[in-house]
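All remarks here apply to the structure that follows.
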Amino acid sequence: MKKIYDKMAREAINAQKAVISTIKDKRGTEFKVTDAKPYVDAVNQMSPEGEQSKEVFDLHINSVNAHYNVLTSLTDTVRPEDDPFVEHYQTPPVLEILYDEDPAFRASVEKFVDAIGKAEALIGKESIRRYGGFYGPTCVVDFAFSPGSTSNVVNRILQNLDIPVDHKRAILSSKSWGMNTSYGIGAQFQTSLEEGKTAADAVKDEIEMLKMVYDTPVEAQALLMEQHGHTSFDVKKYMEGYRKKMEGTVKAAMDEEVFYGNIVTVPAYGVGDVAHHISQSMFNMTKDDMTMAILEAVSGVLYDTLESAMGKFKNEYSPLTIATDATAGATTKILWMDGFTTMMVNDLLVKRFHNYVLTNPARDAAAELHNVDFIDLIEKGERIIDHKPRGAGSVVQGIPIDYSAIENNDVINNPQRYAYPACAITVRFSSLMRLADFPCLLTSEPVTATLMTNIISLHKEDPHSPARVCKFCTANYFDYKCNYCNWKEAV
C-alpha cells in the first residue's frame, strides 16, 4: 500500500504544479479556456492502483475531460463574474441520471422535497438567522455541518425522514461537496425580503426554491444563472452536453455499487481548475508579484514536504493530512513575517463581517465563505507552528514541514521593493488579504480533490461528505456557535 500512498502524493503534486505554473505563465493576460489544458493533462495522468476503484477514478477523470470539452465547444473564455459557478453544473445532471436510473432513489428524493415543504418553521428560522448574521461569519455552502450552512439544515430535515439511510446520505452529499446548483440556504428569502415582501412570503419563496434545487436541479441551476445574469456560455447546452458525456460513467459506477454520495461528489470537485482557479479573475489577481509569490512559495512548501514524506505515509489519509497541514503552516508563517497573528486577522474579519451585514443587507449569500476558509486555514497553521511536543513545532505525523520555499523566495523576502521601502511592513499581509477572498490554491482545492478521489476509490461504499468531524471554526472565538452544530447527529 505504501506505493499507492506515494502515488497519491505524486498525483496531488502534479495537479498543483499544473495549476500554479499555468497561472504564473499566463498572469496578466486575457484568459482562454484552453489555458487550462495543462491541468487536464495532469488529471489524465491519474490512475487507480491495486485495490483502488477504476469507476471512482473515471468519475473524476471523465468529468474533468467532459467539462473541458463541453466548455471549449461553447466559449473561448469565461468572464470573471461567471467563473465561480463553473463547478456547479456537474452535480445537477449527475443527480438526474440517478433519478432516471433508480426509481427508488427518486422516490426518496420526492419524500425529501415534500419534507422541505413541511419544514417552514425551521427554514424560516435559519433563513432569518443567516440574513441577520446570527451565526457570525459562516460558509453557507460548507463542506461540513457548520451552523448557518445548507448541510446543517438539510441534515435536520433528513434526520426523521422515513427513507433508506444511504439515500439520506446521498441527498446530503449532493449539496455539500457535490455542489448541487449554486444555491445556498436563505438566499431567496433574503432577495424576497429586500424586494419588499413580507417575512412570511419570503419564507414561502425560500421553500419553493429549495425544493426546486432537489426536484429539478438542472432547471434550478439554469434559473439561478439567469437571475445572476450569466452571459459567458449557454448553461443549458453545457448541462445537456455534460450529461451525454457522463451518462455511461455514472451508470458504470452504479453497477459497481459506488455509494451514490460519492457519485454526486467526485465529478464536481475536480473541474473548478478549468475556468475558475485557472481563470481571468486569477490572472488579474496574480498580476501582483507578491500575491503570485505567495501562491508559488506555499505550493513549494507543499511539494517539498510531500517529497520528504515519500515512503513514510502511515495510511491513505496521511498524504491529505500532511499536504493540508503544510500549506496551513506555510500561509501562517508568511502572515507572521509582517507581525500579524491569526487572532488579529480573526478579530478584523469577524468585526468586518458584522458591519458588512449592516451596510450590505442584500449581500451575496456566499460573500464571506472564503474569508471563513482563510481564517480556518491560518488558525490551523498557527496551531501547527506553535505545537511543540518535545520542543518541535511544524511536524506532521513525524514529517517536518519544509519552509525553504518561503525562506528562499526573493519576492517574499524583499517587500521593500513593492511599497515605500522604509515602511514596507504590510506588503505581504495585504496580499494575504487579497488571497483571503480567493484562497483556493492555499487550502488547496486541486490537491484535496485529487487526494479525496484516491481515498474514496479505496472505500467506494462509504460516505465521505460532508466531513463528519468538528472543523474547529475559527470565528467561534468571537461568535460561539458550537451548540448549533450537528455533525455528531449526521445522518
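Letters A, B, ... mark the chains of the C-alpha cells in the order given; residue numbers begin at 1 per chain; ligand numbers begin at 1, in order shown.
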Restrict the calculation to only C-alpha atoms, then for each residue of region 295-372 of chain A with any atom at most 8 Å from an atom of region 441-459 of chain A give the closest atom pair and their distance in Å to one decimal, rows by chain and rising residue number, as a Markdown table.
```
| residue | atom | partner | partner_atom | distance |
| --- | --- | --- | --- | --- |
| A:Leu295 | CA | A:Leu442 | CA | 6.8 |
| A:Val298 | CA | A:Leu442 | CA | 6.8 |
| A:Ser299 | CA | A:Leu442 | CA | 7.5 |
| A:Glu316 | CA | A:Ile455 | CA | 6.2 |
| A:Tyr317 | CA | A:Ile455 | CA | 7.0 |
| A:Pro319 | CA | A:Leu451 | CA | 7.5 |
| A:Leu320 | CA | A:Leu451 | CA | 6.2 |
| A:Ala323 | CA | A:Val447 | CA | 7.8 |
| A:Thr324 | CA | A:Thr443 | CA | 6.3 |
| A:Thr327 | CA | A:Leu442 | CA | 6.1 |
| A:Ala328 | CA | A:Thr443 | CA | 7.0 |
| A:Thr331 | CA | A:Leu442 | CA | 7.4 |
```
Task: His354 (chain A) environment, 12 Å, only C-alpha atoms, sequence neighbours closer than 3 positions dropped, as a list of chain:residue names - done: A:Arg130, A:Tyr131, A:Gly132, A:Gly133, A:Phe134, A:Tyr135, A:Gly136, A:Pro137, A:Thr138, A:Asp347, A:Leu348, A:Leu349, A:Val350, A:Lys351, A:Val357, A:Leu358, A:Thr359, A:Asn360, A:Pro361, A:Arg363, A:Glu368, A:Ala475, A:Phe478, A:Asp479
TODO: For Asp83 (chain A), please output as an MDAnalysis selection string all residues within 10 Å (counting only C-alpha atoms; exclusion window: fewer than 2 positions along the same chain).
DONE: chainID A and resid 77:81 85:87 230 232 272 274:282
Preceding selection exported with C-alpha atoms as a PDB file, in the first residue's frame:
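Output file out.pdb follows:
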```
ATOM      1  CA  THR A  77     -13.387  32.428 -22.388  1.00  0.00           C
ATOM      2  CA  VAL A  78     -15.391  32.924 -19.193  1.00  0.00           C
ATOM      3  CA  ARG A  79     -15.838  36.358 -17.664  1.00  0.00           C
ATOM      4  CA  PRO A  80     -14.800  36.743 -14.006  1.00  0.00           C
ATOM      5  CA  GLU A  81     -18.381  37.256 -12.823  1.00  0.00           C
ATOM      6  CA  PHE A  85     -20.140  28.822 -10.981  1.00  0.00           C
ATOM      7  CA  VAL A  86     -18.328  26.526 -13.426  1.00  0.00           C
ATOM      8  CA  GLU A  87     -18.103  23.789 -10.766  1.00  0.00           C
ATOM      9  CA  HIS A 230     -24.673  34.769 -16.659  1.00  0.00           C
ATOM     10  CA  SER A 232     -20.324  33.553 -20.843  1.00  0.00           C
ATOM     11  CA  GLY A 272     -13.027  24.026 -10.876  1.00  0.00           C
ATOM     12  CA  VAL A 274     -10.751  24.810 -15.561  1.00  0.00           C
ATOM     13  CA  ALA A 275     -12.085  28.399 -15.781  1.00  0.00           C
ATOM     14  CA  HIS A 276     -12.281  29.081 -12.043  1.00  0.00           C
ATOM     15  CA  HIS A 277      -8.865  28.598 -10.431  1.00  0.00           C
ATOM     16  CA  ILE A 278      -7.240  28.986 -13.833  1.00  0.00           C
ATOM     17  CA  SER A 279      -9.335  31.958 -14.884  1.00  0.00           C
ATOM     18  CA  GLN A 280      -9.472  35.632 -15.728  1.00  0.00           C
ATOM     19  CA  SER A 281     -10.068  36.576 -12.095  1.00  0.00           C
ATOM     20  CA  MET A 282      -6.976  34.608 -11.055  1.00  0.00           C
TER      21      MET A 282
END
```
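In this model, the gap between CA of Thr34 (chain A) and CA of Tyr68 (chain A) comes to 8.2 Å.
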Open item on the list: What's around region 462-472 of chain A at 9 Å? Count only C-alpha atoms, leave out sequence neighbours fewer than 3 positions away in its own chain, and write the answer as a VMD selection string.
Closed with: chain A and resid 142 to 146 151 166 169 to 170 172 to 178 258 to 262 265 376 379 to 380 452 456 459 475 to 476 485 487 to 488 490
Take the residues that were just selected and, keeping N, CA, C and O atoms, output them as a tab-separated table (two decimals), in the first residue's frame.
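Result went into selection.tsv, see below:
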```tsv
chain	number	residue	atom	x	y	z
A	142	ASP	N	-21.03	25.14	3.19
A	142	ASP	CA	-19.91	24.47	3.85
A	142	ASP	C	-19.87	22.99	3.50
A	142	ASP	O	-20.91	22.35	3.29
A	143	PHE	N	-18.65	22.45	3.46
A	143	PHE	CA	-18.46	21.02	3.23
A	143	PHE	C	-18.52	20.25	4.54
A	143	PHE	O	-18.22	19.07	4.59
A	144	ALA	N	-18.87	20.94	5.61
A	144	ALA	CA	-19.07	20.32	6.91
A	144	ALA	C	-20.48	20.67	7.38
A	144	ALA	O	-21.35	21.01	6.58
A	145	PHE	N	-20.72	20.63	8.68
A	145	PHE	CA	-22.07	20.83	9.21
A	145	PHE	C	-22.19	22.13	10.01
A	145	PHE	O	-22.99	22.23	10.92
A	146	SER	N	-21.38	23.11	9.67
A	146	SER	CA	-21.34	24.33	10.48
A	146	SER	C	-22.69	25.03	10.52
A	146	SER	O	-23.45	24.99	9.55
A	151	SER	N	-25.86	22.34	4.56
A	151	SER	CA	-25.74	20.96	5.05
A	151	SER	C	-26.35	20.80	6.44
A	151	SER	O	-27.00	19.79	6.75
A	166	ASP	N	-28.89	5.31	3.26
A	166	ASP	CA	-27.96	5.61	2.17
A	166	ASP	C	-28.51	6.70	1.26
A	166	ASP	O	-27.75	7.51	0.70
A	169	ARG	N	-27.96	9.99	3.01
A	169	ARG	CA	-26.56	10.43	2.92
A	169	ARG	C	-26.21	10.93	1.52
A	169	ARG	O	-25.41	11.85	1.37
A	170	ALA	N	-26.82	10.32	0.51
A	170	ALA	CA	-26.59	10.78	-0.86
A	170	ALA	C	-27.20	12.16	-1.08
A	170	ALA	O	-26.59	13.04	-1.71
A	172	LEU	N	-27.67	14.38	1.21
A	172	LEU	CA	-26.83	15.30	1.98
A	172	LEU	C	-25.54	15.61	1.22
A	172	LEU	O	-25.12	16.77	1.14
A	173	SER	N	-24.92	14.59	0.66
A	173	SER	CA	-23.67	14.79	-0.08
A	173	SER	C	-23.87	15.69	-1.30
A	173	SER	O	-22.99	16.47	-1.65
A	174	SER	N	-25.03	15.59	-1.92
A	174	SER	CA	-25.25	16.28	-3.19
A	174	SER	C	-25.19	17.80	-3.06
A	174	SER	O	-24.90	18.50	-4.02
A	175	LYS	N	-25.48	18.32	-1.87
A	175	LYS	CA	-25.45	19.78	-1.71
A	175	LYS	C	-24.27	20.23	-0.85
A	175	LYS	O	-24.18	21.39	-0.48
A	176	SER	N	-23.36	19.31	-0.55
A	176	SER	CA	-22.15	19.74	0.15
A	176	SER	C	-21.00	19.69	-0.86
A	176	SER	O	-20.91	20.55	-1.73
A	177	TRP	N	-20.17	18.66	-0.82
A	177	TRP	CA	-19.08	18.58	-1.79
A	177	TRP	C	-19.61	18.40	-3.20
A	177	TRP	O	-18.94	18.72	-4.17
A	178	GLY	N	-20.84	17.89	-3.31
A	178	GLY	CA	-21.42	17.70	-4.62
A	178	GLY	C	-21.79	19.00	-5.31
A	178	GLY	O	-21.90	19.06	-6.52
A	258	VAL	N	-20.77	1.88	-6.32
A	258	VAL	CA	-20.17	3.06	-5.71
A	258	VAL	C	-21.30	3.81	-5.00
A	258	VAL	O	-22.39	4.00	-5.56
A	259	PHE	N	-21.07	4.21	-3.78
A	259	PHE	CA	-22.09	4.91	-2.99
A	259	PHE	C	-22.55	6.15	-3.74
A	259	PHE	O	-21.75	6.91	-4.27
A	260	TYR	N	-23.86	6.36	-3.79
A	260	TYR	CA	-24.42	7.48	-4.54
A	260	TYR	C	-23.84	8.82	-4.08
A	260	TYR	O	-23.65	9.73	-4.89
A	261	GLY	N	-23.58	8.96	-2.79
A	261	GLY	CA	-22.99	10.21	-2.30
A	261	GLY	C	-21.64	10.49	-2.92
A	261	GLY	O	-21.25	11.65	-3.12
A	262	ASN	N	-20.90	9.43	-3.26
A	262	ASN	CA	-19.62	9.60	-3.94
A	262	ASN	C	-19.82	9.87	-5.43
A	262	ASN	O	-19.05	10.64	-6.03
A	265	THR	N	-20.48	13.45	-5.76
A	265	THR	CA	-19.41	14.29	-5.23
A	265	THR	C	-18.19	14.33	-6.15
A	265	THR	O	-17.70	15.40	-6.52
A	376	ASP	N	-9.90	29.87	9.02
A	376	ASP	CA	-9.75	28.48	9.48
A	376	ASP	C	-8.38	27.94	9.10
A	376	ASP	O	-7.74	27.21	9.87
A	379	GLU	N	-5.63	29.65	11.32
A	379	GLU	CA	-5.72	29.18	12.71
A	379	GLU	C	-5.10	27.79	12.82
A	379	GLU	O	-4.35	27.50	13.76
A	380	LYS	N	-5.41	26.93	11.86
A	380	LYS	CA	-4.79	25.61	11.86
A	380	LYS	C	-3.27	25.74	11.73
A	380	LYS	O	-2.51	25.06	12.44
A	452	MET	N	-8.81	13.15	-2.38
A	452	MET	CA	-10.10	12.57	-1.99
A	452	MET	C	-10.55	11.50	-2.97
A	452	MET	O	-11.13	10.48	-2.57
A	456	ILE	N	-11.47	7.90	-1.71
A	456	ILE	CA	-12.79	7.33	-1.98
A	456	ILE	C	-12.68	6.06	-2.81
A	456	ILE	O	-13.46	5.11	-2.61
A	459	HIS	N	-12.55	3.19	-0.66
A	459	HIS	CA	-13.72	2.99	0.21
A	459	HIS	C	-14.97	3.46	-0.54
A	459	HIS	O	-15.70	4.32	-0.07
A	475	ALA	N	-14.02	31.42	13.73
A	475	ALA	CA	-14.88	32.53	14.13
A	475	ALA	C	-15.51	32.29	15.50
A	475	ALA	O	-16.00	33.22	16.14
A	476	ASN	N	-15.49	31.03	15.96
A	476	ASN	CA	-16.08	30.70	17.26
A	476	ASN	C	-15.40	31.41	18.43
A	476	ASN	O	-15.97	31.52	19.51
A	485	CYS	N	-24.17	23.34	15.98
A	485	CYS	CA	-23.58	22.40	15.01
A	485	CYS	C	-24.22	21.03	15.20
A	485	CYS	O	-24.64	20.67	16.31
A	487	TRP	N	-22.82	17.95	13.56
A	487	TRP	CA	-22.04	16.90	12.90
A	487	TRP	C	-22.13	15.57	13.64
A	487	TRP	O	-22.04	14.49	13.03
A	488	LYS	N	-22.32	15.63	14.95
A	488	LYS	CA	-22.41	14.38	15.72
A	488	LYS	C	-23.73	13.67	15.46
A	488	LYS	O	-23.88	12.48	15.79
A	490	ALA	N	-25.05	13.51	12.35
A	490	ALA	CA	-25.12	13.36	10.90
A	490	ALA	C	-25.85	12.10	10.51
A	490	ALA	O	-25.63	11.04	11.11
```
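If you look at CA of Gly117 (chain A) and CA of Ile207 (chain A), they are 6.2 Å away from each other.
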TODO: Would you work out the distance separating CA of Leu369 (chain A) from CA of Ile123 (chain A), expressed in Å to one decimal?
DONE: 20.1 Å
Using only C-alpha atoms, determine which residues lie at most 12 Å from Ala253 (chain A), disregarding the query and same-chain residues fewer than 4 positions distant; provide the list as a PDB file with N, CA and C atoms, in the first residue's frame.
```pdb
ATOM      1  N   SER A  53     -10.664   1.732  -6.919  1.00  0.00           N
ATOM      2  CA  SER A  53     -11.755   1.533  -7.871  1.00  0.00           C
ATOM      3  C   SER A  53     -11.548   2.353  -9.144  1.00  0.00           C
ATOM      4  N   LYS A  54     -11.522   1.675 -10.277  1.00  0.00           N
ATOM      5  CA  LYS A  54     -11.398   2.370 -11.560  1.00  0.00           C
ATOM      6  C   LYS A  54     -12.605   3.265 -11.802  1.00  0.00           C
ATOM      7  N   GLU A  55     -13.778   2.803 -11.381  1.00  0.00           N
ATOM      8  CA  GLU A  55     -15.009   3.557 -11.624  1.00  0.00           C
ATOM      9  C   GLU A  55     -15.005   4.902 -10.890  1.00  0.00           C
ATOM     10  N   VAL A  56     -14.401   4.941  -9.703  1.00  0.00           N
ATOM     11  CA  VAL A  56     -14.296   6.203  -8.964  1.00  0.00           C
ATOM     12  C   VAL A  56     -13.342   7.152  -9.688  1.00  0.00           C
ATOM     13  N   PHE A  57     -12.211   6.626 -10.139  1.00  0.00           N
ATOM     14  CA  PHE A  57     -11.281   7.460 -10.902  1.00  0.00           C
ATOM     15  C   PHE A  57     -11.915   7.966 -12.188  1.00  0.00           C
ATOM     16  N   ASP A  58     -12.711   7.125 -12.821  1.00  0.00           N
ATOM     17  CA  ASP A  58     -13.382   7.550 -14.055  1.00  0.00           C
ATOM     18  C   ASP A  58     -14.340   8.705 -13.791  1.00  0.00           C
ATOM     19  N   LEU A  59     -15.016   8.676 -12.645  1.00  0.00           N
ATOM     20  CA  LEU A  59     -15.911   9.779 -12.312  1.00  0.00           C
ATOM     21  C   LEU A  59     -15.149  11.107 -12.274  1.00  0.00           C
ATOM     22  N   HIS A  60     -13.941  11.081 -11.762  1.00  0.00           N
ATOM     23  CA  HIS A  60     -13.112  12.289 -11.672  1.00  0.00           C
ATOM     24  C   HIS A  60     -12.519  12.652 -13.034  1.00  0.00           C
ATOM     25  N   VAL A  94     -25.772  14.827 -13.007  1.00  0.00           N
ATOM     26  CA  VAL A  94     -25.477  13.522 -12.400  1.00  0.00           C
ATOM     27  C   VAL A  94     -26.641  13.073 -11.529  1.00  0.00           C
ATOM     28  N   ILE A  97     -29.418  11.795 -13.673  1.00  0.00           N
ATOM     29  CA  ILE A  97     -29.135  10.437 -14.175  1.00  0.00           C
ATOM     30  C   ILE A  97     -29.530   9.413 -13.117  1.00  0.00           C
ATOM     31  N   LEU A  98     -29.144   9.665 -11.877  1.00  0.00           N
ATOM     32  CA  LEU A  98     -29.511   8.758 -10.782  1.00  0.00           C
ATOM     33  C   LEU A  98     -31.031   8.671 -10.642  1.00  0.00           C
ATOM     34  N   GLU A 101     -32.305   6.433 -13.439  1.00  0.00           N
ATOM     35  CA  GLU A 101     -31.841   5.048 -13.400  1.00  0.00           C
ATOM     36  C   GLU A 101     -32.328   4.296 -12.158  1.00  0.00           C
ATOM     37  N   MET A 246     -21.243  12.006 -19.629  1.00  0.00           N
ATOM     38  CA  MET A 246     -21.027  11.360 -18.331  1.00  0.00           C
ATOM     39  C   MET A 246     -22.001  10.221 -18.028  1.00  0.00           C
ATOM     40  N   GLU A 247     -23.012  10.044 -18.852  1.00  0.00           N
ATOM     41  CA  GLU A 247     -24.044   9.047 -18.537  1.00  0.00           C
ATOM     42  C   GLU A 247     -23.473   7.643 -18.367  1.00  0.00           C
ATOM     43  N   GLY A 248     -22.612   7.245 -19.285  1.00  0.00           N
ATOM     44  CA  GLY A 248     -22.022   5.911 -19.198  1.00  0.00           C
ATOM     45  C   GLY A 248     -21.141   5.744 -17.972  1.00  0.00           C
ATOM     46  N   THR A 249     -20.397   6.773 -17.623  1.00  0.00           N
ATOM     47  CA  THR A 249     -19.520   6.733 -16.458  1.00  0.00           C
ATOM     48  C   THR A 249     -20.323   6.591 -15.171  1.00  0.00           C
ATOM     49  N   GLU A 257     -21.540  -0.479  -7.620  1.00  0.00           N
ATOM     50  CA  GLU A 257     -22.026  -0.191  -6.264  1.00  0.00           C
ATOM     51  C   GLU A 257     -21.202   0.890  -5.556  1.00  0.00           C
ATOM     52  N   VAL A 258     -20.771   1.884  -6.325  1.00  0.00           N
ATOM     53  CA  VAL A 258     -20.175   3.061  -5.713  1.00  0.00           C
ATOM     54  C   VAL A 258     -21.301   3.806  -5.002  1.00  0.00           C
ATOM     55  N   PHE A 259     -21.074   4.206  -3.777  1.00  0.00           N
ATOM     56  CA  PHE A 259     -22.088   4.907  -2.993  1.00  0.00           C
ATOM     57  C   PHE A 259     -22.554   6.152  -3.739  1.00  0.00           C
ATOM     58  N   TYR A 260     -23.864   6.358  -3.789  1.00  0.00           N
ATOM     59  CA  TYR A 260     -24.420   7.482  -4.540  1.00  0.00           C
ATOM     60  C   TYR A 260     -23.836   8.824  -4.085  1.00  0.00           C
ATOM     61  N   GLY A 261     -23.576   8.963  -2.792  1.00  0.00           N
ATOM     62  CA  GLY A 261     -22.989  10.208  -2.296  1.00  0.00           C
ATOM     63  C   GLY A 261     -21.636  10.488  -2.922  1.00  0.00           C
ATOM     64  N   ASN A 262     -20.899   9.429  -3.258  1.00  0.00           N
ATOM     65  CA  ASN A 262     -19.620   9.595  -3.936  1.00  0.00           C
ATOM     66  C   ASN A 262     -19.816   9.874  -5.425  1.00  0.00           C
ATOM     67  N   ILE A 263     -20.844   9.270  -6.001  1.00  0.00           N
ATOM     68  CA  ILE A 263     -21.131   9.514  -7.418  1.00  0.00           C
ATOM     69  C   ILE A 263     -21.482  10.978  -7.660  1.00  0.00           C
ATOM     70  N   VAL A 264     -22.201  11.602  -6.731  1.00  0.00           N
ATOM     71  CA  VAL A 264     -22.569  13.014  -6.923  1.00  0.00           C
ATOM     72  C   VAL A 264     -21.463  13.967  -6.477  1.00  0.00           C
ATOM     73  N   VAL A 266     -17.690  13.179  -6.531  1.00  0.00           N
ATOM     74  CA  VAL A 266     -16.404  13.099  -7.234  1.00  0.00           C
ATOM     75  C   VAL A 266     -16.383  13.887  -8.553  1.00  0.00           C
ATOM     76  N   PRO A 267     -17.433  13.835  -9.380  1.00  0.00           N
ATOM     77  CA  PRO A 267     -17.351  14.566 -10.655  1.00  0.00           C
ATOM     78  C   PRO A 267     -17.256  16.076 -10.517  1.00  0.00           C
ATOM     79  N   SER A 457     -11.701   6.003  -3.701  1.00  0.00           N
ATOM     80  CA  SER A 457     -11.540   4.811  -4.546  1.00  0.00           C
ATOM     81  C   SER A 457     -11.186   3.574  -3.723  1.00  0.00           C
ATOM     82  N   LYS A 460     -15.204   2.873  -1.693  1.00  0.00           N
ATOM     83  CA  LYS A 460     -16.243   3.384  -2.590  1.00  0.00           C
ATOM     84  C   LYS A 460     -17.652   3.266  -2.015  1.00  0.00           C
ATOM     85  N   GLU A 461     -17.860   2.372  -1.047  1.00  0.00           N
ATOM     86  CA  GLU A 461     -19.208   2.162  -0.496  1.00  0.00           C
ATOM     87  C   GLU A 461     -19.514   3.097   0.673  1.00  0.00           C
TER      88      GLU A 461
END
```
Open item on the list: Which of region 281-338 of chain A end up as alpha helix (DSSP H) when DSSP is run on this backbone - answer as a PyMOL selection string?
Closed with: chain A and resi 281-285+289-309+318-337
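For Ser318 (chain A), the non-local neighbours within 8 Å, defined as residues at least 4 positions apart in the same chain or in other chains and counting only C-alpha atoms, are A:Tyr5, A:Phe313, A:Lys314, A:Ile322, A:Gln397.
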With all heavy atoms retained, export the selected residues as a compact mmCIF listing (two decimals), in the first residue's frame.
```txt
# COMPACT_ATOMS: atom_id res chain seq x y z
N TYR A 5 0.26 5.11 -1.61
CA TYR A 5 0.31 6.39 -0.88
C TYR A 5 1.25 7.37 -1.58
O TYR A 5 0.94 8.56 -1.72
CB TYR A 5 0.76 6.19 0.57
CG TYR A 5 -0.03 5.16 1.34
CD1 TYR A 5 0.55 4.49 2.43
CD2 TYR A 5 -1.36 4.84 1.00
CE1 TYR A 5 -0.16 3.55 3.14
CE2 TYR A 5 -2.06 3.89 1.72
CZ TYR A 5 -1.46 3.24 2.79
OH TYR A 5 -2.16 2.30 3.50
N PHE A 313 4.39 7.60 4.51
CA PHE A 313 2.98 7.82 4.81
C PHE A 313 2.42 6.63 5.59
O PHE A 313 2.68 5.47 5.26
CB PHE A 313 2.18 8.01 3.52
CG PHE A 313 2.57 9.23 2.74
CD1 PHE A 313 3.15 9.11 1.48
CD2 PHE A 313 2.36 10.49 3.25
CE1 PHE A 313 3.51 10.23 0.74
CE2 PHE A 313 2.71 11.63 2.52
CZ PHE A 313 3.30 11.50 1.27
N LYS A 314 1.62 6.92 6.62
CA LYS A 314 1.12 5.87 7.50
C LYS A 314 -0.08 5.13 6.93
O LYS A 314 -0.26 3.94 7.18
CB LYS A 314 0.73 6.49 8.86
CG LYS A 314 1.90 7.08 9.61
CD LYS A 314 1.47 7.69 10.93
CE LYS A 314 2.66 8.26 11.70
NZ LYS A 314 2.24 8.87 13.00
N ILE A 322 -0.93 15.62 5.68
CA ILE A 322 0.37 16.29 5.59
C ILE A 322 0.32 17.44 4.59
O ILE A 322 0.85 18.54 4.84
CB ILE A 322 1.47 15.27 5.22
CG1 ILE A 322 1.66 14.28 6.38
CG2 ILE A 322 2.78 15.97 4.90
CD1 ILE A 322 2.55 13.10 6.06
N GLN A 397 2.72 14.15 11.61
CA GLN A 397 2.90 12.70 11.51
C GLN A 397 4.37 12.33 11.36
O GLN A 397 4.74 11.46 10.57
CB GLN A 397 2.07 12.14 10.35
CG GLN A 397 0.57 12.30 10.57
CD GLN A 397 -0.27 11.57 9.54
OE1 GLN A 397 0.24 11.00 8.58
NE2 GLN A 397 -1.58 11.59 9.73
```
TODO: Give me the residues within 12 Å of Glu208 (chain A) as a list of chain:residue names, counting only C-alpha atoms and dropping any in the same chain fewer than 5 places off.
DONE: A:Val113, A:Asp114, A:Ala115, A:Ile116, A:Gly117, A:Lys118, A:Ala119, A:Glu120, A:Ile123, A:Ile185, A:Gly186, A:Ala187, A:Gln188, A:Phe189, A:Asp201, A:Ala202, A:Val203, A:Val213, A:Tyr214, A:Asp215, A:Thr216, A:Ala220
Requested write-out: C-alpha atoms of the selected residues, as a short mmCIF file (atom, residue, chain, number, x, y, z; two decimals), in the first residue's frame:
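Dumped to selection-v8.cif:
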```cif
data_model
loop_
_atom_site.label_atom_id
_atom_site.label_comp_id
_atom_site.auth_asym_id
_atom_site.auth_seq_id
_atom_site.Cartn_x
_atom_site.Cartn_y
_atom_site.Cartn_z
CA VAL A 113 -38.78 17.53 -1.27
CA ASP A 114 -42.16 17.08 0.41
CA ALA A 115 -40.46 17.29 3.81
CA ILE A 116 -38.86 20.61 2.81
CA GLY A 117 -42.37 21.96 2.26
CA LYS A 118 -43.33 20.89 5.78
CA ALA A 119 -40.26 22.42 7.43
CA GLU A 120 -41.46 26.01 7.23
CA ILE A 123 -36.29 27.02 7.16
CA ILE A 185 -29.88 28.29 2.22
CA GLY A 186 -31.58 31.64 2.82
CA ALA A 187 -30.63 33.31 -0.46
CA GLN A 188 -34.14 33.52 -1.89
CA PHE A 189 -35.53 34.62 1.48
CA ASP A 201 -43.99 35.30 1.88
CA ALA A 202 -40.19 35.36 1.77
CA VAL A 203 -40.12 32.04 3.64
CA VAL A 213 -32.89 22.53 -6.19
CA TYR A 214 -33.57 18.87 -5.41
CA ASP A 215 -36.64 18.18 -7.55
CA THR A 216 -35.35 19.60 -10.86
CA ALA A 220 -32.91 25.18 -10.93
#
```
Task: Counting only C-alpha atoms, the option among A:Phe31, A:Tyr269, A:Tyr183, A:Tyr39 closest to Asp364 (chain A) - done: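 Closest candidate: A:Tyr183.
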Task: Residue nearest Ile171 (chain A) among A:Leu71, A:Met225, A:Val491, A:Ala15 (counting only C-alpha atoms) - done: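 When distances to Ile171 (chain A) are compared using only C-alpha atoms, the smallest one comes from A:Val491.
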